[in-house]
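Scroll down for the structure; my scribbles are underneath it.
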Amino acid sequence: MDARRKLLSSDHPTTMEVEARLAAIALELGEFAQAREQLSLLAERCERVLGPRNLETLTAMHDLAVCLSYLGQFEDARPLYERVVTNRRNALGLEDQATLTAMNNLGVTQRTLGDNEGARATFEVLLDAQRRVLGPESATTLKTMALLGSVLIELGDFPRAREVIAERVDRSRRVLGATHPDTLDAMLGLSQALCGTGDRASGRSLSEQALAATISTLGSDDPGTVDAMTRHSRLLLGLGDAKAAAKAYRELYDKLTRLNGPENAATVDALAGVVGALGLAGEHRKAYALAFGLVERREIQLGPEDPATLQAIGDLAWNTESLGNLDEAATLYANLLETRTRVLGDDTPDVVWTLKGLTRVLRRIESHRDARRACNRLYQTQARLQGLEADETLDALRGLAWELGKVGDLAASRTCWEELVAANERHNGPKDDQTLDSLLWLAEMTEELGEEEAARSISERIAGPLGRLYAASGEASGADDPRTLRLGHNLGLTLERLGQFEASRTTYQAVLDGYLRAEGKRGRSVADITGHLGDVALKLSEPEAARALYRDALSIMRKQPGPEDPDTLTIVAHDADALHAMGRKVAARNQAQGIHDVYCRTLGEDNLLTKHAKIHVEVLSARRRSR
């Protein structure tokens, strides 16, 4: 080769022809690094000597792109394929075999890089050309149908996928036979497309047929059978039949463990399927136990920040939450959120899912400061992604409004409730559940800010509609229905604010009876309603009865949400008023002072809840001195 270069020069066509042959040999032998070096030099020289549109130049570029693809350098290969396709189409036409080959490789590269829209456009043009040139039943044409069908499924265009793959199934059966692996593969693809178009029964039935035929034709341990089992398990999970999916994934996992060992990547993927299906089936304890091993294997195989590892951690967090281990779940969600945000970015679906989980758990454990931050972040994220008045954005705003009130930022909370009232009225009308609920809490914040008349005006507006909705829900769904109980709670608060204490007491008692049946004696809602009954008793000048009710409520709330939670402290403050009404003025003042001290320590002296607590102490002290 060196002699030829000296004799003819490196730029001589014969020299370049020999270099092309040597590079092709290296490529065929799998010596990709050497082939890349040879083809890079050759492509540069051909372009300089022969021109960028010369067929020899395009062949060298195409071979270089193929070599880069084998090396996993798809980003570098893609622009080369694009140049080759464009120039071959111009020089040779769309129906030339070399053009079709380059188009196929471009489509595969686009799909590998996640550009499914680009891959779809490429494969659609390619398939149309192959039908004309090779015929609709050529093996190459059928392969393109398979590639296009899989891209369409990933894009969610199930009607077009169904059309393409159904044709592939029919032609494969005729050309290759009903039990040929390609036919069975096409059947599995068609089953997914059928389910995607809503024909779930036909899709599931076809998948079962394909799996049974694959086992019969290839045997139970053939790689094709394993692939069919994997796809069928995934389809069952997608259909929501979690129990069947868990069983299918377990069989797959046991098979792969026997064939490949427990540490094999495919085996671990099957274990991930088992964990996901068990969780969806409600078998959280089993899923939780398996999830630890899954996370450990993912971290060893893929690293701690691989998306599959993070998915396993997400499954672990969700099952931990479902088992009621909320503090542990909060830690898992928080760490996962930090990692996913760093790796994936702020607004990706996995980050939003994790943020929702963290927010949900923080609110359940009533960690109000952390929950406020999480709710605010979730609200800002949903507003960016879905718009200010999307349902999920408004749900996040409601959580933020609630948590702002719990940490004493009452003015900001009221602003949020005002926004919710306006949005719900626009979307649902003035008498809808959600509108009335927002108005109720707007009245609550307004009263907390000292504007009693404005709060009363809101309550007068919503009392009638709430009463009618409560009665209608009880009639239609029963006294223990969650919506009935929520409406009853809201109606009781409204009647109490309007001074209709006996009516409020009757409503609260009915709601309490429902929550006792639904949650048991130690339920959080039971404590809340019991506290409200204490408030009504106190306002009806029954301080002894009020204290008994407060004692029952606090016996629950001091454990959950805890002795220093604002809801707990509110009941303690009302209990201090009951003590004072009973003549135990020193005890009442000391109790109020204790509340103030807690708020000073947890929220700071400048917080509005702290200031309210200080005023309460001063009022009780003034009453004591005046006597």
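Every chain in the structure tokens takes a letter, A first, then B, and so on in the order presented; its residues are numbered from 1, and the ligands are numbered from 1 following the presented order.
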
Please, which residues in region 522-550 of chain A fall within 8 Å of region 493-516 of chain A when counting only C-alpha atoms, and what is the closest atom pair and distance in Å to one decimal for each, ordered by chain then residue number, as JSON lines?
```
{"residue": "A:Gly523", "atom": "CA", "partner": "A:Leu516", "partner_atom": "CA", "distance": 7.5}
{"residue": "A:Ser525", "atom": "CA", "partner": "A:Tyr515", "partner_atom": "CA", "distance": 6.6}
{"residue": "A:Val526", "atom": "CA", "partner": "A:Tyr515", "partner_atom": "CA", "distance": 5.9}
{"residue": "A:Ile529", "atom": "CA", "partner": "A:Leu512", "partner_atom": "CA", "distance": 6.0}
{"residue": "A:Thr530", "atom": "CA", "partner": "A:Leu512", "partner_atom": "CA", "distance": 7.1}
{"residue": "A:His532", "atom": "CA", "partner": "A:Tyr508", "partner_atom": "CA", "distance": 7.5}
{"residue": "A:Leu533", "atom": "CA", "partner": "A:Arg505", "partner_atom": "CA", "distance": 6.2}
{"residue": "A:Val536", "atom": "CA", "partner": "A:Phe501", "partner_atom": "CA", "distance": 6.0}
{"residue": "A:Lys539", "atom": "CA", "partner": "A:Phe501", "partner_atom": "CA", "distance": 7.7}
{"residue": "A:Leu540", "atom": "CA", "partner": "A:Phe501", "partner_atom": "CA", "distance": 7.3}
```

With N, CA and C atoms kept, could you save the residues just selected as a tab-separated table (two decimals), in the first residue's frame?
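Contents of the output file selection_14.tsv:
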```tsv
chain	number	residue	atom	x	y	z
A	523	GLY	N	-58.89	7.54	64.02
A	523	GLY	CA	-58.68	8.19	62.73
A	523	GLY	C	-58.43	9.68	62.88
A	525	SER	N	-59.46	12.09	60.90
A	525	SER	CA	-60.69	12.85	60.69
A	525	SER	C	-61.61	12.78	61.91
A	526	VAL	N	-61.57	11.65	62.63
A	526	VAL	CA	-62.35	11.52	63.87
A	526	VAL	C	-61.89	12.57	64.88
A	529	ILE	N	-63.14	16.17	63.71
A	529	ILE	CA	-64.56	16.43	63.96
A	529	ILE	C	-64.86	16.50	65.46
A	530	THR	N	-64.20	15.65	66.25
A	530	THR	CA	-64.39	15.71	67.70
A	530	THR	C	-63.99	17.06	68.25
A	532	HIS	N	-64.11	19.89	66.59
A	532	HIS	CA	-65.14	20.84	66.20
A	532	HIS	C	-66.37	20.72	67.11
A	533	LEU	N	-66.72	19.51	67.49
A	533	LEU	CA	-67.83	19.34	68.44
A	533	LEU	C	-67.50	20.02	69.76
A	536	VAL	N	-68.19	23.73	69.38
A	536	VAL	CA	-69.63	24.03	69.47
A	536	VAL	C	-70.09	23.99	70.92
A	539	LYS	N	-69.03	27.13	72.67
A	539	LYS	CA	-69.83	28.29	72.26
A	539	LYS	C	-71.24	28.22	72.83
A	540	LEU	N	-71.70	27.02	73.18
A	540	LEU	CA	-73.01	26.86	73.81
A	540	LEU	C	-72.91	26.88	75.33
```

TODO: Give me the residues within 10 Å of Asp128 (chain A) as a ChimeraX atom specification, counting only C-alpha atoms and dropping any in the same chain fewer than 4 places off.
DONE: /A:95,123-124,132-133,135-136,141,144

Okay, now the selection with C-alpha atoms, as a short mmCIF file (atom, residue, chain, number, x, y, z; two decimals), in the first residue's frame?
```cif
data_model
loop_
_atom_site.label_atom_id
_atom_site.label_comp_id
_atom_site.auth_asym_id
_atom_site.auth_seq_id
_atom_site.Cartn_x
_atom_site.Cartn_y
_atom_site.Cartn_z
CA GLU A 95 -35.62 3.57 -5.72
CA PHE A 123 -39.52 4.54 7.38
CA GLU A 124 -42.77 5.71 5.77
CA ARG A 132 -42.60 -0.54 -5.59
CA VAL A 133 -39.05 -1.83 -5.97
CA GLY A 135 -42.66 -5.90 -3.67
CA PRO A 136 -44.88 -5.86 -0.57
CA THR A 141 -40.14 -4.81 3.02
CA THR A 144 -39.37 -2.21 7.40
#
```

Open item on the list: So that I can check the surroundings of Asn424 (chain A), please list as a PyMOL selection string every protein, DNA and RNA residue that reaches within 7 Å of it, counting only C-alpha atoms and ignoring chain neighbours fewer than 4 positions away.
Closed with: chain A and resi 420+428-429+434-435

What are the closest atom pairs, with distances in Å to one decimal, for all residues of region 213-233 of chain A lying within 12 Å of region 192-199 of chain A? Consider only C-alpha atoms, order rows by chain and residue number, and present the result as a tab-separated table.
```
residue	atom	partner	partner_atom	distance
A:Arg231	CA	A:Gln192	CA	8.9
A:His232	CA	A:Gln192	CA	9.1
A:Ser233	CA	A:Gln192	CA	11.5
```

Any chance you could export the current selection's C-alpha atoms as a compact mmCIF listing (two decimals), in the first residue's frame?
```txt
# COMPACT_ATOMS: atom_id res chain seq x y z
CA ARG A 231 -43.79 -8.75 25.71
CA HIS A 232 -46.89 -10.59 26.91
CA SER A 233 -46.10 -9.75 30.54
```

TODO: Mind checking which residues fall within 10 Å of Ser473 (chain A), counting only C-alpha atoms, ignoring those fewer than 5 positions away in the same chain, and posting them as number ranges by chain?
DONE: A: 467-468, 478-485, 487-488

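Nearest to Thr179 (chain A) of all the residues A:Leu218, A:Leu569, A:His427, A:Gly203 is A:Leu218, based on only C-alpha atoms.
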
Open item on the list: Can you tell me which residues surround Ala265 (chain A) at a distance of at most 12 Å, considering only C-alpha atoms, apart from same-chain residues fewer than 5 positions away, and format the answer as a list of chain:residue names?
Closed with: A:Tyr253, A:Leu256, A:Thr257, A:Asn260, A:Ala270, A:Leu271, A:Ala272, A:Leu294, A:Arg297, A:Arg298, A:Glu299, A:Ile300, A:Gln301, A:Leu302, A:Ala308

Selection above as a file: all heavy atoms, as a short mmCIF file (atom, residue, chain, number, x, y, z; two decimals), in the first residue's frame:
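Wrote result-v7.cif, looks like this:
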```cif
data_model
loop_
_atom_site.label_atom_id
_atom_site.label_comp_id
_atom_site.auth_asym_id
_atom_site.auth_seq_id
_atom_site.Cartn_x
_atom_site.Cartn_y
_atom_site.Cartn_z
N TYR A 253 -39.19 -14.48 35.36
CA TYR A 253 -38.03 -14.30 36.24
C TYR A 253 -37.43 -15.65 36.65
O TYR A 253 -36.20 -15.84 36.62
CB TYR A 253 -38.45 -13.51 37.47
CG TYR A 253 -37.37 -13.39 38.53
CD1 TYR A 253 -36.21 -12.66 38.29
CD2 TYR A 253 -37.51 -14.04 39.76
CE1 TYR A 253 -35.22 -12.57 39.26
CE2 TYR A 253 -36.53 -13.95 40.73
CZ TYR A 253 -35.38 -13.21 40.48
OH TYR A 253 -34.40 -13.13 41.43
N LEU A 256 -35.56 -17.12 33.61
CA LEU A 256 -34.30 -16.45 33.32
C LEU A 256 -33.26 -16.70 34.41
O LEU A 256 -32.06 -16.77 34.12
CB LEU A 256 -34.55 -14.95 33.15
CG LEU A 256 -35.27 -14.56 31.86
CD1 LEU A 256 -35.68 -13.09 31.88
CD2 LEU A 256 -34.37 -14.83 30.65
N THR A 257 -33.72 -16.81 35.64
CA THR A 257 -32.79 -17.14 36.72
C THR A 257 -32.16 -18.51 36.47
O THR A 257 -30.95 -18.71 36.65
CB THR A 257 -33.52 -17.13 38.08
OG1 THR A 257 -34.06 -15.83 38.31
CG2 THR A 257 -32.57 -17.48 39.21
N ASN A 260 -30.02 -18.02 32.87
CA ASN A 260 -28.93 -17.06 32.78
C ASN A 260 -28.31 -16.68 34.12
O ASN A 260 -27.27 -16.03 34.15
CB ASN A 260 -29.43 -15.78 32.10
CG ASN A 260 -29.99 -16.04 30.73
OD1 ASN A 260 -29.56 -16.96 30.04
ND2 ASN A 260 -30.96 -15.23 30.31
N ALA A 270 -36.69 -8.66 34.46
CA ALA A 270 -37.89 -9.42 34.82
C ALA A 270 -38.26 -9.21 36.28
O ALA A 270 -39.44 -9.11 36.63
CB ALA A 270 -37.67 -10.90 34.53
N LEU A 271 -37.25 -9.14 37.15
CA LEU A 271 -37.51 -8.87 38.56
C LEU A 271 -38.16 -7.50 38.73
O LEU A 271 -39.08 -7.33 39.56
CB LEU A 271 -36.21 -8.93 39.36
CG LEU A 271 -36.31 -8.61 40.85
CD1 LEU A 271 -37.26 -9.57 41.56
CD2 LEU A 271 -34.92 -8.64 41.50
N ALA A 272 -37.72 -6.52 37.93
CA ALA A 272 -38.35 -5.20 37.97
C ALA A 272 -39.82 -5.30 37.59
O ALA A 272 -40.68 -4.63 38.20
CB ALA A 272 -37.63 -4.23 37.04
N LEU A 294 -33.66 -5.57 44.07
CA LEU A 294 -33.67 -4.98 42.73
C LEU A 294 -32.80 -3.74 42.68
O LEU A 294 -32.00 -3.57 41.76
CB LEU A 294 -35.11 -4.65 42.33
CG LEU A 294 -35.29 -3.92 41.00
CD1 LEU A 294 -34.77 -4.76 39.84
CD2 LEU A 294 -36.75 -3.54 40.78
N ARG A 297 -29.08 -4.67 42.76
CA ARG A 297 -28.59 -5.23 41.50
C ARG A 297 -28.48 -4.16 40.42
O ARG A 297 -27.53 -4.16 39.63
CB ARG A 297 -29.50 -6.36 41.04
CG ARG A 297 -29.47 -7.58 41.95
CD ARG A 297 -30.34 -8.69 41.39
NE ARG A 297 -30.63 -9.70 42.41
CZ ARG A 297 -31.33 -10.79 42.19
NH1 ARG A 297 -31.84 -11.02 40.99
NH2 ARG A 297 -31.57 -11.66 43.16
N ARG A 298 -29.46 -3.28 40.36
CA ARG A 298 -29.41 -2.19 39.39
C ARG A 298 -28.17 -1.31 39.63
O ARG A 298 -27.49 -0.90 38.68
CB ARG A 298 -30.66 -1.34 39.48
CG ARG A 298 -31.94 -1.99 38.97
CD ARG A 298 -31.90 -2.26 37.49
NE ARG A 298 -33.23 -2.42 36.91
CZ ARG A 298 -33.47 -3.05 35.78
NH1 ARG A 298 -32.48 -3.58 35.09
NH2 ARG A 298 -34.70 -3.15 35.31
N GLU A 299 -27.90 -1.00 40.88
CA GLU A 299 -26.76 -0.14 41.18
C GLU A 299 -25.45 -0.80 40.78
O GLU A 299 -24.54 -0.14 40.25
CB GLU A 299 -26.74 0.22 42.66
CG GLU A 299 -27.84 1.20 43.06
CD GLU A 299 -27.84 1.50 44.54
OE1 GLU A 299 -27.29 0.68 45.32
OE2 GLU A 299 -28.41 2.54 44.94
N ILE A 300 -25.34 -2.10 40.99
CA ILE A 300 -24.12 -2.82 40.63
C ILE A 300 -23.96 -2.89 39.12
O ILE A 300 -22.88 -2.64 38.57
CB ILE A 300 -24.13 -4.24 41.24
CG1 ILE A 300 -24.03 -4.16 42.77
CG2 ILE A 300 -22.99 -5.08 40.68
CD1 ILE A 300 -24.24 -5.49 43.47
N GLN A 301 -25.04 -3.20 38.42
CA GLN A 301 -24.97 -3.40 36.97
C GLN A 301 -24.90 -2.09 36.20
O GLN A 301 -24.15 -1.97 35.23
CB GLN A 301 -26.19 -4.20 36.49
CG GLN A 301 -26.19 -5.65 36.92
CD GLN A 301 -27.42 -6.39 36.40
OE1 GLN A 301 -28.37 -5.78 35.91
NE2 GLN A 301 -27.40 -7.70 36.49
N LEU A 302 -25.70 -1.11 36.61
CA LEU A 302 -25.89 0.09 35.79
C LEU A 302 -25.37 1.36 36.43
O LEU A 302 -25.22 2.37 35.74
CB LEU A 302 -27.39 0.26 35.49
CG LEU A 302 -28.08 -0.94 34.82
CD1 LEU A 302 -29.58 -0.71 34.73
CD2 LEU A 302 -27.50 -1.19 33.44
N ALA A 308 -32.88 3.18 34.96
CA ALA A 308 -33.48 1.94 35.46
C ALA A 308 -33.27 1.79 36.97
O ALA A 308 -34.15 1.30 37.69
CB ALA A 308 -32.92 0.74 34.72
#
```

Task: Neighbour list for region 544-552 of chain A as a PyMOL selection string, cut-off 7 Å, only C-alpha atoms, skip fewer than 3 positions in-chain - done: chain A and resi 530-531+533-535+537-538+555+571+575+578

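Of the residues listed (A:Ile25, A:Leu400, A:Ala33, A:Leu362), A:Leu400 shows the shortest atom-to-atom separation from Leu378 (chain A); distances use only C-alpha atoms.
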
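CA of Ala65 (chain A) sits 9.2 Å away from CA of Leu39 (chain A).
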
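Taking CA of Ala613 (chain A) and CA of His596 (chain A) as the two end points, the separation is 5.0 Å.
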
Task: Shell around Gly282 (chain A) at 10 Å using only C-alpha atoms, local window under 5 positions removed, as a ChimeraX atom specification - done: /A:242-243,277,287,319,322-323

Open item on the list: Can you tell me, as a ChimeraX atom specification, which residues in region 307-453 of chain A count as helix (DSSP H, G or I) by DSSP?
Closed with: /A:307-322,326-344,349-364,368-386,391-406,410-428,433-448,452-453

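Put simply, CA of Thr99 (chain A) is 28.8 Å away from CA of Arg173 (chain A).
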
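Nearest to Ser150 (chain A) of all the residues A:Gly474, A:Gly114, A:Pro181, A:Gly189 is A:Gly189, counting only C-alpha atoms.
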